[in-house]
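This report concerns only the one structure given below.
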Amino acid sequence: MSLSMTSSLAALSAAGDGESFEAPGTEVFFWSLIGGGSDWAFTRPAAMMLISVAVLGWFFVTVAGKLTVVPGKRQFYAEQIYGFVRNSIGRDVIGDKHLRPFLPLLFTVFTLILLNNLFGILPFVQFPTMSTIAFPIVLTAIVYVTYHVVGIRTKGGFGKYLGSLIPPGLPGWLKPIMFVLEFLTYFFIRPLTLALRLFGNMMAGHLMLLVFILGGQYLLLHGDGIFLKFSGVMSFGMAILMTFFELLVEFLQAFIFTLLTALYISDAVSEHH
């Protein structure tokens, strides 16, 4: 059981004397390990992000150092992940001509998001790091800077890059309207939706699992009658079912974030709008 669930269960037990159930809220996403004042805090999500970086670094560095013609299990898994990102995302979206410089970014983004999402259903952890908004924002900022810098270089300068936002062949009266819409899309809507999509899905999934698990525990301990206790058992069953659904969502969110990153880069390296 995760620390966030343990703290919530303790709160429910304290509230049990009043026979009331308090649904988990956004406070479960902030867990201070060191500090915790208004100035600074080293939080549990930050520790998990550092752990994920260390785990991924150790895994791929050790695999790369012992490559064999006939791969073992670890090399096989590493090659499958790399091949998926390269072929199913990078090559299909960006193309072979421009893919190579951006493949490390796509591979890093996919594996980092996927592992941190999987923390949400990992026993004794059960907290998706990307449900803390700061991490999707940082990843989005990296993608944002990358595709704008690439676009400016490809188009031959910032002015030409802005000019490329207007598709050729439009009537003169429509060009200002299209420019405003495309400018808002490229500079504001893209990064906003990229970060919020990942954050929102991970936060909602974690809260949903908490509600089923904590609600089931409360009904079993404090429910009057066989019906309420049976509802508690059903709530735990739904939590198990939703855990498998959450596994699919966690993979899809890593895939969608990486796919959109590749789409934005592909648009930036394209000679046309």
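Chain labels run A, B, ... following the order of the structure tokens; each chain numbers its residues from 1, and ligands are numbered from 1 in the order shown.
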
Legend entry - 12 Å contact set for Arg197 in chain A, only C-alpha atoms, chain neighbours under 6 positions out, as a ChimeraX atom specification: /A:130-131,133,136-137,140,189-191,203-204,249-250,252-254,256-257,260

Legend entry - 7 Å contact set for range 101-108 of chain A, only C-alpha atoms, chain neighbours under 6 positions out, as a ChimeraX atom specification: /A:82,85-86,90,258

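Residues lying within 10 Å of Leu165 in chain A, counting only C-alpha atoms and ignoring same-chain neighbours fewer than 6 positions away, are A:Lys175, A:Met178, A:Phe179, A:Val180, A:Leu181, A:Glu182, A:Phe183, A:Thr185, A:Tyr186, A:His272, A:His273.
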
Legend entry - Interatomic distance, CA of Val149 in chain A to CA of Phe188 in chain A (Å, one decimal): 15.6 Å

Inset, instruction - Please identify which residues in range 134-190 of chain A DSSP calls alpha helix (DSSP H) from the backbone, and express them as a ChimeraX atom specification. - result: /A:134-155,158-163,175-184,190

Write out, as a CSV table (one decimal), in the first residue's frame, the residues just selected, with C-alpha atoms.
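The new file result33.csv reads:
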chain,number,residue,atom,x,y,z
A,134,ALA,CA,5.3,20.3,-12.4
A,135,PHE,CA,6.7,17.3,-14.3
A,136,PRO,CA,4.4,17.5,-17.3
A,137,ILE,CA,5.1,21.2,-17.5
A,138,VAL,CA,8.9,20.6,-17.6
A,139,LEU,CA,8.6,17.9,-20.2
A,140,THR,CA,6.3,20.1,-22.3
A,141,ALA,CA,8.7,23.0,-22.0
A,142,ILE,CA,11.5,20.9,-23.4
A,143,VAL,CA,9.3,19.8,-26.3
A,144,TYR,CA,8.1,23.4,-26.8
A,145,VAL,CA,11.6,24.8,-27.1
A,146,THR,CA,12.8,22.0,-29.3
A,147,TYR,CA,10.2,22.3,-32.0
A,148,HIS,CA,10.3,26.1,-32.1
A,149,VAL,CA,14.1,26.2,-32.4
A,150,VAL,CA,14.0,23.5,-35.1
A,151,GLY,CA,11.3,25.4,-36.9
A,152,ILE,CA,13.2,28.7,-36.8
A,153,ARG,CA,16.3,27.0,-38.1
A,154,THR,CA,14.5,25.1,-40.8
A,155,LYS,CA,12.6,28.1,-42.1
A,158,PHE,CA,12.1,33.8,-36.8
A,159,GLY,CA,10.3,36.1,-39.2
A,160,LYS,CA,10.1,33.4,-41.9
A,161,TYR,CA,9.0,30.9,-39.2
A,162,LEU,CA,6.1,33.2,-38.3
A,163,GLY,CA,5.4,33.7,-42.0
A,175,LYS,CA,-4.5,35.7,-43.8
A,176,PRO,CA,-4.6,37.8,-40.6
A,177,ILE,CA,-7.3,35.6,-39.1
A,178,MET,CA,-5.4,32.4,-40.0
A,179,PHE,CA,-2.2,33.9,-38.6
A,180,VAL,CA,-3.8,34.7,-35.2
A,181,LEU,CA,-5.3,31.2,-35.0
A,182,GLU,CA,-2.1,29.4,-35.9
A,183,PHE,CA,0.0,31.6,-33.6
A,184,LEU,CA,-2.3,30.8,-30.7
A,190,ARG,CA,-0.2,23.0,-28.1

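Proximity to Lys73 in chain A was assessed for A:Leu198, A:Phe59, A:Gly156, A:Glu246 counting only C-alpha atoms; the smallest distance is recorded for A:Phe59.
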
Legend entry - Point-to-point distance in Å for CA of Ala54 in chain A and CA of Trp40 in chain A: 23.2 Å
